[in-house]
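Q: The structure that follows is given in the form of structure tokens.
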Amino acid sequence: MLESRARVLADLEARRMADPYAVSALEDAVASRRWWVEQWPEGAQYVAGLVAQDVQDVLLDTVGRWPLCQGCDEAPAHPLHISPELGGPDPVWVCEESGSVVARLGDLSRSADRGGPV
Ligand SMILES: [Zn+2]
């Protein structure tokens, strides 16, 4: 769980979205997924991706889409999503438009599309 939390937090920070509101959304997601994985230990491989999706949902309803793709020049602003959809194993961020893998979950700050506008 700590690893899941750290990876999602790293990606929030990579896009300067780690404000108190987003961090509390993250804490809530981690808490509910912790309960979930206690009921179903085999689900552990999905937790990091699911926590990221939970945080995405909360932010979408409030501050907006996170994380936005910074790799496509042509397309209008569009988000990345977690692949596989189930949240794991080995969750990665995929561009919704191009379908290409942008970064592993937790590695957005090291991805090739670093440095664009936030
Ligand atoms: Zn894109």
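Residues in the structure tokens are named by chain (A, B, ... in the order shown) and by number from 1 within that chain; ligands are numbered from 1 in the order shown.
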Just the residues within 6 Å of stretch 86-98 of chain A, please, counting only C-alpha atoms, with nothing from its chain fewer than 6 positions along; format it as JSON, numbers by chain.
A: {"A": [45, 46, 49, 50, 80, 104, 105]}
Q: When the cut-off is 9 Å and you count only C-alpha atoms and all ligand atoms, which residues lie near ligand 1, shown as a list in words?
A: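 Those residues are Leu68, Cys69, Gln70, Gly71, Cys72, Asp73, Glu74, Ala75, Pro76, Ala77, His78, Pro79, Leu80, Val94, Cys95, Glu96, Glu97, Ser98, Gly99, Ser100 and Val102 of chain A.
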Q: Within stretch 33-101 of chain A, find each residue whose DSSP state, derived from the backbone, is helix (DSSP H, G or I), and express the selection as a count of residues only.
A: 28
Q: At a cut-off of 7 Å, can you tabulate as a tab-separated table every residue of stretch 29-106 of chain A near stretch 3-16 of chain A together with its closest atom pair and the distance in Å to one decimal, using only C-alpha atoms and ordering rows by chain then number?
A:
residue	atom	partner	partner_atom	distance
A:Val30	CA	A:Arg5	CA	6.6
A:Val47	CA	A:Ser4	CA	6.7
A:Ala48	CA	A:Ser4	CA	4.3
A:Ala52	CA	A:Val8	CA	5.8
A:Pro67	CA	A:Arg15	CA	7.0
A:Leu105	CA	A:Arg7	CA	6.2
A:Gly106	CA	A:Arg7	CA	3.9
Q: One decimal, Å: what's the distance from atom CA of A:Pro41 over to atom CA of A:Val58, could you say?
A: 24.9 Å
Q: My list of candidates is A:Asp54, A:Met1, A:Ala103, A:Gly43. Which is closest to A:Leu26 when distances are computed with only C-alpha atoms?
A: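 For A:Leu26, the nearest of the given residues is A:Asp54.
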Q: Please return as a ChimeraX atom specification: the residues of chain A that backbone DSSP assigns to strand (DSSP E or B).
A: /A:68,79-83,92-95,101-104
Q: Would you work out the distance separating atom CA of A:Ala31 from atom CA of A:Leu108, expressed in Å to one decimal?
A: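 Computing it gives 23.2 Å between the two atoms.
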Q: Give the answer as one residue: which of A:Ala44, A:Val63, A:Val37, A:Ile82 has the shortest atom-to-atom distance to A:Asp19, using only C-alpha atoms?
A: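 Of all the options, A:Val63 lies closest to A:Asp19.
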Q: Between atom CA of A:Thr62 and atom CA of A:Glu27, what distance in Å does the model show, to one decimal?
A: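 Those two atoms sit 16.4 Å apart.
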Q: My list of candidates is A:Pro84, A:Glu42, A:Ala22, A:Ala29. Which is closest to A:Leu59 when distances are computed with only C-alpha atoms?
A: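 That would be A:Ala22, the residue with the smallest distance to A:Leu59.
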